[in-house]
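Below is one structure, written out as structure tokens, with a few remarks after it.
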Amino acid sequence: MIFSETRIAGVYTIDVDRREDSRGYFARVYCREEFSANGLKPAVSQGNISFNAKRGTLRGLHFQYPPVAETKYIRCTRGAIFDVVVDLRPESPTYLQHVTFHLSAENGRGLYVPERFAHGFITLEDNTELIYLIGEAYTSCAEGGLRYDDAMLGVSWPLQVEVISTRDLDWTPLAEVEADLKLRMSVSEPVV
């Protein structure tokens with residue numbers, strides 16, 4: 001696997017190192033030891049599949065608060081997505097900044113999202129499927145979210161949203177919840 005840290009500390013793209021022959025290719029997509037060697041948390045508490053029938057389906061921006069903040073390792077196994085990760089670490093120099101990625105079955109790229117980040121995506125093709133490896137179990141009382149179109153985030157989505165849940169439309173604007181978000185996301189060690 002090829003680990004590449006993005007401009008936001010802790011967020012990594014993970015490309016496969018394909019071993020090709022006449023049959024096709026073989027590639028490792030997860031290895032606990034390689035994750036640890038690159039400073040990533042290798043714990044997997046649950047695995048999830050997200051199937052999205054229509055192009056323009058938006059999910060997110062989701063996260064869980066500490067002490068059950070999640071790491072996520074995301075791979076697109078069918079179709080393609082435009083993926084967004086937002087830094088919610090108040091002590092970070094990149095607090096509220098975001099990075100975007102194109103993940104697809106074709107490019108085989110994975111994405112590692114550390115704890116205390118929001119994550120969301122919009123599908124670029126019909127019948128898009130993702131696999132998530134999550135570091136903590138889903139805990140409903142710790143879930144949080146931000147509106148995909150929140151002006152404070154300034155995410156430029158590549159196409160119009162066609163399908164979105166009521167829950168994702170009902171997240172409170174960041175300006176109204178930021179003080180609580182900062183308090184609940186704070187830790188004592190600074191992020192470098």
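Within each chain, counting starts at residue 1; across the structure tokens, chains are named A, B, ... in the order shown, with ligands numbered 1 upward in that order.
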Exercise. Do you know which residues are at most 9 Å from stretch 90-106 of chain A counting only C-alpha atoms, after dropping those on the same chain fewer than 4 positions away, and could you put them as a PyMOL selection string?
Worked result: chain A and resi 6-9+11+13+74-86+110-111+128-129+152-155+181-183+185-192
For the residues selected in the previous step, produce a file with C-alpha atoms as a JSON list (two decimals), in the first residue's frame.
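What ended up in result19.json:
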```json
[["chain", "number", "residue", "atom", "x", "y", "z"],
["A", 6, "THR", "CA", -2.68, 15.24, 2.60],
["A", 7, "ARG", "CA", -2.29, 18.93, 3.38],
["A", 8, "ILE", "CA", -4.32, 18.32, 6.56],
["A", 9, "ALA", "CA", -2.30, 16.37, 9.10],
["A", 11, "VAL", "CA", -5.73, 12.51, 6.64],
["A", 13, "THR", "CA", -4.93, 8.65, 0.79],
["A", 74, "ILE", "CA", -13.21, 4.35, 3.03],
["A", 75, "ARG", "CA", -12.93, 2.60, -0.32],
["A", 76, "CYS", "CA", -15.23, 2.97, -3.33],
["A", 77, "THR", "CA", -15.80, -0.50, -4.78],
["A", 78, "ARG", "CA", -18.31, 0.43, -7.49],
["A", 79, "GLY", "CA", -18.92, 3.76, -9.20],
["A", 80, "ALA", "CA", -17.33, 7.01, -8.05],
["A", 81, "ILE", "CA", -17.65, 9.70, -5.38],
["A", 82, "PHE", "CA", -16.48, 13.21, -4.58],
["A", 83, "ASP", "CA", -15.37, 12.92, -0.95],
["A", 84, "VAL", "CA", -15.01, 15.70, 1.64],
["A", 85, "VAL", "CA", -13.18, 15.63, 4.98],
["A", 86, "VAL", "CA", -13.43, 18.57, 7.44],
["A", 110, "GLY", "CA", -8.73, 4.52, -0.24],
["A", 111, "LEU", "CA", -9.08, 7.34, 2.26],
["A", 128, "THR", "CA", -22.12, 3.57, -6.36],
["A", 129, "GLU", "CA", -20.98, 1.42, -3.44],
["A", 152, "MET", "CA", -18.68, 28.55, 7.18],
["A", 153, "LEU", "CA", -17.24, 25.46, 5.46],
["A", 154, "GLY", "CA", -17.37, 26.70, 1.89],
["A", 155, "VAL", "CA", -17.37, 23.26, 0.26],
["A", 181, "LEU", "CA", -18.55, 21.65, 18.96],
["A", 182, "LYS", "CA", -15.20, 23.16, 20.03],
["A", 183, "LEU", "CA", -15.80, 22.20, 23.65],
["A", 185, "MET", "CA", -13.98, 18.11, 20.30],
["A", 186, "SER", "CA", -11.18, 19.57, 22.46],
["A", 187, "VAL", "CA", -8.21, 17.56, 23.72],
["A", 188, "SER", "CA", -5.25, 18.65, 25.80],
["A", 189, "GLU", "CA", -2.44, 17.94, 23.30],
["A", 190, "PRO", "CA", -1.91, 20.34, 20.37],
["A", 191, "VAL", "CA", -2.00, 19.00, 16.83],
["A", 192, "VAL", "CA", 1.16, 19.52, 14.78]]
```
For this session: Give the helix (DSSP H, G or I) residues of chain A, as assigned by DSSP on the backbone, as a ChimeraX atom specification.
Result: /A:32-37,140-142,166-169,174-185
Residues from last step as file, N, CA, C and O atoms, as a short mmCIF file (atom, residue, chain, number, x, y, z; two decimals), in the first residue's frame:
```cif
data_model
loop_
_atom_site.label_atom_id
_atom_site.label_comp_id
_atom_site.auth_asym_id
_atom_site.auth_seq_id
_atom_site.Cartn_x
_atom_site.Cartn_y
_atom_site.Cartn_z
N ARG A 32 -2.92 -4.15 9.23
CA ARG A 32 -2.79 -3.52 10.55
C ARG A 32 -1.38 -3.01 10.77
O ARG A 32 -1.18 -1.89 11.25
N GLU A 33 -0.37 -3.83 10.44
CA GLU A 33 1.01 -3.44 10.66
C GLU A 33 1.41 -2.22 9.83
O GLU A 33 2.10 -1.33 10.30
N GLU A 34 0.97 -2.17 8.58
CA GLU A 34 1.31 -1.02 7.72
C GLU A 34 0.60 0.24 8.20
O GLU A 34 1.17 1.33 8.15
N PHE A 35 -0.64 0.11 8.66
CA PHE A 35 -1.34 1.27 9.22
C PHE A 35 -0.56 1.80 10.42
O PHE A 35 -0.30 3.00 10.53
N SER A 36 -0.20 0.92 11.34
CA SER A 36 0.56 1.32 12.54
C SER A 36 1.89 1.95 12.17
O SER A 36 2.28 2.98 12.73
N ALA A 37 2.61 1.37 11.22
CA ALA A 37 3.91 1.89 10.81
C ALA A 37 3.82 3.29 10.22
O ALA A 37 4.78 4.06 10.27
N SER A 140 -25.21 6.32 18.89
CA SER A 140 -26.17 7.35 18.48
C SER A 140 -26.10 8.61 19.32
O SER A 140 -26.23 9.72 18.80
N CYS A 141 -25.84 8.49 20.63
CA CYS A 141 -25.80 9.68 21.48
C CYS A 141 -24.54 10.52 21.26
O CYS A 141 -24.45 11.64 21.76
N ALA A 142 -23.57 10.00 20.50
CA ALA A 142 -22.33 10.74 20.22
C ALA A 142 -22.26 11.23 18.78
O ALA A 142 -21.29 11.87 18.40
N THR A 166 -33.44 13.60 5.25
CA THR A 166 -33.97 14.70 6.06
C THR A 166 -33.01 15.03 7.19
O THR A 166 -32.76 16.19 7.49
N ARG A 167 -32.42 14.01 7.79
CA ARG A 167 -31.46 14.22 8.87
C ARG A 167 -30.31 15.11 8.42
O ARG A 167 -29.90 16.03 9.12
N ASP A 168 -29.77 14.84 7.23
CA ASP A 168 -28.64 15.64 6.74
C ASP A 168 -29.04 17.07 6.37
O ASP A 168 -28.21 17.97 6.39
N LEU A 169 -30.30 17.28 6.05
CA LEU A 169 -30.79 18.64 5.79
C LEU A 169 -31.09 19.40 7.08
O LEU A 169 -31.11 20.63 7.08
N LEU A 174 -23.47 25.68 11.58
CA LEU A 174 -22.25 25.67 12.38
C LEU A 174 -22.12 26.91 13.25
O LEU A 174 -21.70 26.83 14.40
N ALA A 175 -22.51 28.06 12.75
CA ALA A 175 -22.42 29.30 13.53
C ALA A 175 -23.18 29.19 14.85
O ALA A 175 -22.80 29.81 15.84
N GLU A 176 -24.24 28.38 14.88
CA GLU A 176 -25.07 28.23 16.09
C GLU A 176 -24.54 27.17 17.04
O GLU A 176 -24.92 27.17 18.21
N VAL A 177 -23.71 26.25 16.57
CA VAL A 177 -23.25 25.14 17.41
C VAL A 177 -21.73 25.11 17.60
O VAL A 177 -21.21 24.23 18.28
N GLU A 178 -21.02 26.08 17.02
CA GLU A 178 -19.56 26.00 17.03
C GLU A 178 -18.97 25.99 18.44
O GLU A 178 -18.02 25.25 18.71
N ALA A 179 -19.50 26.79 19.35
CA ALA A 179 -18.95 26.83 20.71
C ALA A 179 -19.05 25.44 21.36
O ALA A 179 -18.08 24.96 21.96
N ASP A 180 -20.19 24.78 21.23
CA ASP A 180 -20.37 23.44 21.78
C ASP A 180 -19.48 22.43 21.06
O ASP A 180 -18.88 21.56 21.69
N LEU A 181 -19.39 22.55 19.74
CA LEU A 181 -18.55 21.65 18.96
C LEU A 181 -17.09 21.76 19.42
O LEU A 181 -16.45 20.74 19.66
N LYS A 182 -16.59 22.97 19.58
CA LYS A 182 -15.20 23.16 20.03
C LYS A 182 -14.98 22.53 21.40
O LYS A 182 -13.97 21.87 21.63
N LEU A 183 -15.91 22.75 22.29
CA LEU A 183 -15.80 22.20 23.65
C LEU A 183 -15.77 20.68 23.62
O LEU A 183 -14.91 20.05 24.23
N ARG A 184 -16.69 20.07 22.88
CA ARG A 184 -16.79 18.62 22.85
C ARG A 184 -15.68 17.94 22.05
O ARG A 184 -15.37 16.78 22.28
N MET A 185 -15.06 18.67 21.13
CA MET A 185 -13.98 18.11 20.30
C MET A 185 -12.59 18.40 20.86
O MET A 185 -11.60 17.92 20.32
#
```
Exercise. Nearest to A:Thr71 among A:Val113, A:Ala151, A:Ile164, A:Ile122, with distances taken over only C-alpha atoms: which residue is it?
Worked result: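 Distance minimum relative to A:Thr71 lands on A:Val113.
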Counting only C-alpha atoms, which residues of stretch 108-187 of chain A sit at most 10 Å from some atom of stretch 48-69 of chain A, and what is each one's closest atom pair with its distance in Å to one decimal, listed by chain and rising residue number, as a tab-separated table?
```
residue	atom	partner	partner_atom	distance
A:Pro114	CA	A:Ala69	CA	8.7
A:Glu115	CA	A:Ala69	CA	5.2
A:Arg116	CA	A:Ala69	CA	6.0
A:Phe117	CA	A:Phe63	CA	6.3
A:Ala118	CA	A:Phe63	CA	4.8
A:His119	CA	A:Leu61	CA	4.9
A:Gly120	CA	A:Gly60	CA	4.0
A:Phe121	CA	A:Arg59	CA	5.6
A:Ile122	CA	A:Leu58	CA	4.2
A:Thr123	CA	A:Arg55	CA	5.1
A:Leu124	CA	A:Arg55	CA	5.2
A:Glu125	CA	A:Arg55	CA	4.5
A:Asp126	CA	A:Lys54	CA	4.4
A:Asn127	CA	A:Ala53	CA	4.3
A:Thr128	CA	A:Asn52	CA	5.2
A:Glu129	CA	A:Phe51	CA	4.4
A:Leu130	CA	A:Ser50	CA	5.1
A:Ile131	CA	A:Ile49	CA	4.6
A:Tyr132	CA	A:Asn48	CA	5.0
A:Leu133	CA	A:Asn48	CA	6.5
A:Ile134	CA	A:Asn48	CA	7.7
A:Gly135	CA	A:Ala69	CA	8.4
A:Glu136	CA	A:Val68	CA	6.2
A:Ala137	CA	A:Val68	CA	7.8
A:Tyr138	CA	A:Gln64	CA	8.1
A:Thr139	CA	A:Val68	CA	7.4
A:Ser140	CA	A:Gln64	CA	8.5
A:Cys141	CA	A:Gln64	CA	8.8
A:Ala142	CA	A:Tyr65	CA	5.2
A:Glu143	CA	A:Gln64	CA	4.4
A:Gly144	CA	A:Phe63	CA	5.3
A:Gly145	CA	A:His62	CA	4.4
A:Leu146	CA	A:Leu61	CA	5.2
A:Arg147	CA	A:Leu61	CA	6.4
A:Tyr148	CA	A:Leu61	CA	6.0
A:Asp149	CA	A:Leu61	CA	9.6
A:Trp157	CA	A:Leu58	CA	9.8
A:Pro158	CA	A:Gly56	CA	9.4
A:Leu159	CA	A:Gly56	CA	6.8
A:Gln160	CA	A:Gly56	CA	6.4
A:Val161	CA	A:Gly56	CA	5.0
A:Glu162	CA	A:Gly56	CA	4.9
A:Val163	CA	A:Thr57	CA	4.5
A:Ile164	CA	A:Leu58	CA	5.3
A:Ser165	CA	A:Arg59	CA	7.6
A:Arg167	CA	A:Gly60	CA	9.4
A:Asp168	CA	A:Gly60	CA	6.3
A:Leu169	CA	A:Gly60	CA	9.4
A:Trp171	CA	A:Leu61	CA	9.2
A:Leu181	CA	A:Tyr65	CA	8.6
A:Arg184	CA	A:Tyr65	CA	6.6
A:Met185	CA	A:Tyr65	CA	6.4
A:Ser186	CA	A:Pro66	CA	8.7
A:Val187	CA	A:Pro66	CA	9.1
```
How would the residues just chosen look if you wrote them out with N, CA and C atoms as a short mmCIF file (atom, residue, chain, number, x, y, z; two decimals), in the first residue's frame?
```cif
data_model
loop_
_atom_site.label_atom_id
_atom_site.label_comp_id
_atom_site.auth_asym_id
_atom_site.auth_seq_id
_atom_site.Cartn_x
_atom_site.Cartn_y
_atom_site.Cartn_z
N PRO A 114 -9.08 10.48 10.21
CA PRO A 114 -8.82 10.29 11.64
C PRO A 114 -10.00 10.73 12.51
N GLU A 115 -9.84 10.52 13.79
CA GLU A 115 -10.85 10.96 14.77
C GLU A 115 -11.00 12.48 14.72
N ARG A 116 -12.19 12.93 15.04
CA ARG A 116 -12.51 14.35 15.16
C ARG A 116 -12.48 15.08 13.81
N PHE A 117 -12.92 14.38 12.79
CA PHE A 117 -13.12 14.95 11.46
C PHE A 117 -14.53 14.62 11.01
N ALA A 118 -15.14 15.53 10.26
CA ALA A 118 -16.43 15.25 9.61
C ALA A 118 -16.14 14.68 8.23
N HIS A 119 -17.02 13.80 7.79
CA HIS A 119 -16.84 13.15 6.49
C HIS A 119 -18.17 13.10 5.74
N GLY A 120 -18.11 13.34 4.44
CA GLY A 120 -19.29 13.21 3.59
C GLY A 120 -18.88 13.02 2.15
N PHE A 121 -19.87 12.66 1.32
CA PHE A 121 -19.57 12.46 -0.10
C PHE A 121 -20.84 12.65 -0.92
N ILE A 122 -20.62 12.88 -2.23
CA ILE A 122 -21.71 12.87 -3.20
C ILE A 122 -21.31 11.89 -4.30
N THR A 123 -22.30 11.10 -4.74
CA THR A 123 -22.01 10.11 -5.78
C THR A 123 -21.94 10.78 -7.15
N LEU A 124 -20.98 10.32 -7.93
CA LEU A 124 -20.78 10.85 -9.28
C LEU A 124 -21.36 9.93 -10.35
N GLU A 125 -21.79 8.74 -9.92
CA GLU A 125 -22.38 7.76 -10.84
C GLU A 125 -23.53 7.05 -10.14
N ASP A 126 -24.46 6.54 -10.92
CA ASP A 126 -25.51 5.67 -10.38
C ASP A 126 -24.85 4.39 -9.84
N ASN A 127 -25.54 3.75 -8.92
CA ASN A 127 -25.13 2.44 -8.37
C ASN A 127 -23.71 2.45 -7.81
N THR A 128 -23.44 3.44 -6.99
CA THR A 128 -22.12 3.57 -6.36
C THR A 128 -22.14 2.90 -5.00
N GLU A 129 -21.08 2.15 -4.70
CA GLU A 129 -20.98 1.42 -3.44
C GLU A 129 -19.65 1.71 -2.76
N LEU A 130 -19.70 1.90 -1.45
CA LEU A 130 -18.51 2.13 -0.65
C LEU A 130 -18.43 1.11 0.46
N ILE A 131 -17.20 0.81 0.87
CA ILE A 131 -16.96 -0.01 2.05
C ILE A 131 -16.23 0.86 3.06
N TYR A 132 -16.72 0.85 4.29
CA TYR A 132 -16.13 1.60 5.40
C TYR A 132 -15.61 0.62 6.43
N LEU A 133 -14.39 0.82 6.89
CA LEU A 133 -13.90 0.16 8.10
C LEU A 133 -13.85 1.25 9.16
N ILE A 134 -14.55 1.03 10.27
CA ILE A 134 -14.74 2.06 11.30
C ILE A 134 -14.02 1.62 12.57
N GLY A 135 -13.34 2.57 13.21
CA GLY A 135 -12.56 2.27 14.41
C GLY A 135 -13.36 2.20 15.70
N GLU A 136 -14.55 2.72 15.72
CA GLU A 136 -15.43 2.68 16.90
C GLU A 136 -16.82 2.25 16.46
N ALA A 137 -17.53 1.61 17.34
CA ALA A 137 -18.92 1.24 17.04
C ALA A 137 -19.79 2.49 16.97
N TYR A 138 -20.81 2.43 16.14
CA TYR A 138 -21.75 3.54 16.05
C TYR A 138 -22.40 3.76 17.42
N THR A 139 -22.40 5.02 17.86
CA THR A 139 -22.97 5.39 19.15
C THR A 139 -23.90 6.57 18.90
N SER A 140 -25.21 6.32 18.89
CA SER A 140 -26.17 7.35 18.48
C SER A 140 -26.10 8.61 19.32
N CYS A 141 -25.84 8.49 20.63
CA CYS A 141 -25.80 9.68 21.48
C CYS A 141 -24.54 10.52 21.26
N ALA A 142 -23.57 10.00 20.50
CA ALA A 142 -22.33 10.74 20.22
C ALA A 142 -22.26 11.23 18.78
N GLU A 143 -23.31 10.97 17.99
CA GLU A 143 -23.24 11.37 16.58
C GLU A 143 -23.43 12.87 16.43
N GLY A 144 -22.81 13.37 15.39
CA GLY A 144 -22.95 14.78 15.04
C GLY A 144 -22.90 14.94 13.55
N GLY A 145 -23.23 16.13 13.10
CA GLY A 145 -23.18 16.39 11.67
C GLY A 145 -23.22 17.87 11.36
N LEU A 146 -22.78 18.18 10.18
CA LEU A 146 -22.79 19.54 9.66
C LEU A 146 -23.51 19.53 8.32
N ARG A 147 -24.21 20.62 8.02
CA ARG A 147 -24.87 20.71 6.72
C ARG A 147 -23.82 20.77 5.62
N TYR A 148 -24.10 20.06 4.56
CA TYR A 148 -23.17 20.00 3.43
C TYR A 148 -22.94 21.37 2.79
N ASP A 149 -23.91 22.26 2.91
CA ASP A 149 -23.84 23.58 2.27
C ASP A 149 -23.61 24.71 3.27
N TRP A 157 -19.30 21.65 -4.02
CA TRP A 157 -19.69 20.33 -4.49
C TRP A 157 -19.75 20.35 -6.01
N PRO A 158 -19.35 19.28 -6.69
CA PRO A 158 -19.21 19.31 -8.15
C PRO A 158 -20.51 19.17 -8.93
N LEU A 159 -21.60 18.81 -8.25
CA LEU A 159 -22.88 18.70 -8.94
C LEU A 159 -24.01 18.92 -7.96
N GLN A 160 -25.18 19.12 -8.50
CA GLN A 160 -26.37 19.38 -7.70
C GLN A 160 -26.78 18.14 -6.91
N VAL A 161 -27.19 18.36 -5.66
CA VAL A 161 -27.67 17.27 -4.82
C VAL A 161 -29.05 16.85 -5.30
N GLU A 162 -29.19 15.56 -5.60
CA GLU A 162 -30.46 15.01 -6.07
C GLU A 162 -31.18 14.22 -4.97
N VAL A 163 -30.39 13.55 -4.11
CA VAL A 163 -30.96 12.73 -3.04
C VAL A 163 -30.18 13.02 -1.76
N ILE A 164 -30.91 13.33 -0.68
CA ILE A 164 -30.30 13.59 0.62
C ILE A 164 -31.32 13.27 1.70
N SER A 165 -30.86 12.80 2.84
CA SER A 165 -31.79 12.46 3.92
C SER A 165 -32.29 13.72 4.62
N ARG A 167 -32.42 14.01 7.79
CA ARG A 167 -31.46 14.22 8.87
C ARG A 167 -30.31 15.11 8.42
N ASP A 168 -29.77 14.84 7.23
CA ASP A 168 -28.64 15.64 6.74
C ASP A 168 -29.04 17.07 6.37
N LEU A 169 -30.30 17.28 6.05
CA LEU A 169 -30.79 18.64 5.79
C LEU A 169 -31.09 19.40 7.08
N TRP A 171 -29.30 19.37 10.02
CA TRP A 171 -28.21 19.73 10.93
C TRP A 171 -28.24 21.24 11.16
N LEU A 181 -19.39 22.55 19.74
CA LEU A 181 -18.55 21.65 18.96
C LEU A 181 -17.09 21.76 19.42
N ARG A 184 -16.69 20.07 22.88
CA ARG A 184 -16.79 18.62 22.85
C ARG A 184 -15.68 17.94 22.05
N MET A 185 -15.06 18.67 21.13
CA MET A 185 -13.98 18.11 20.30
C MET A 185 -12.59 18.40 20.86
N SER A 186 -12.49 19.17 21.92
CA SER A 186 -11.18 19.57 22.46
C SER A 186 -10.45 18.42 23.13
N VAL A 187 -9.11 18.45 23.00
CA VAL A 187 -8.21 17.56 23.72
C VAL A 187 -7.08 18.42 24.26
#
```
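In this structure, atom CA of A:Asp150 sits 29.7 Å away from atom CA of A:Gly108.
Counting only C-alpha atoms, A:Asp15 has the following residues at most 10 Å away, ignoring those fewer than 3 positions along the same chain: A:Met1, A:Ile2, A:Phe3, A:Ser4, A:Tyr12, A:Arg18, A:Ala27, A:Arg28, A:Val29, A:Asn107, A:Gly108, A:Arg109, A:Gly110, A:Leu111.
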For this session: Check stretch 53-180 of chain A with DSSP on the backbone and list each residue it calls strand (DSSP E or B), as a PyMOL selection string.
Result: chain A and resi 57-64+72-78+80-87+98-104+110-113+117-123+128-134+143-145+163
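The shortest atom-to-atom distance to A:Gln46, with only C-alpha atoms taken into account, belongs to A:Glu70 out of A:Asp17, A:Gly10, A:Glu70, A:Pro173.
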For this session: Rounded to one decimal place, report the atom CA of A:Ser45-atom CA of A:Glu5 distance in Å.
Result: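 For atom CA of A:Ser45 relative to atom CA of A:Glu5, the distance reads 23.2 Å.
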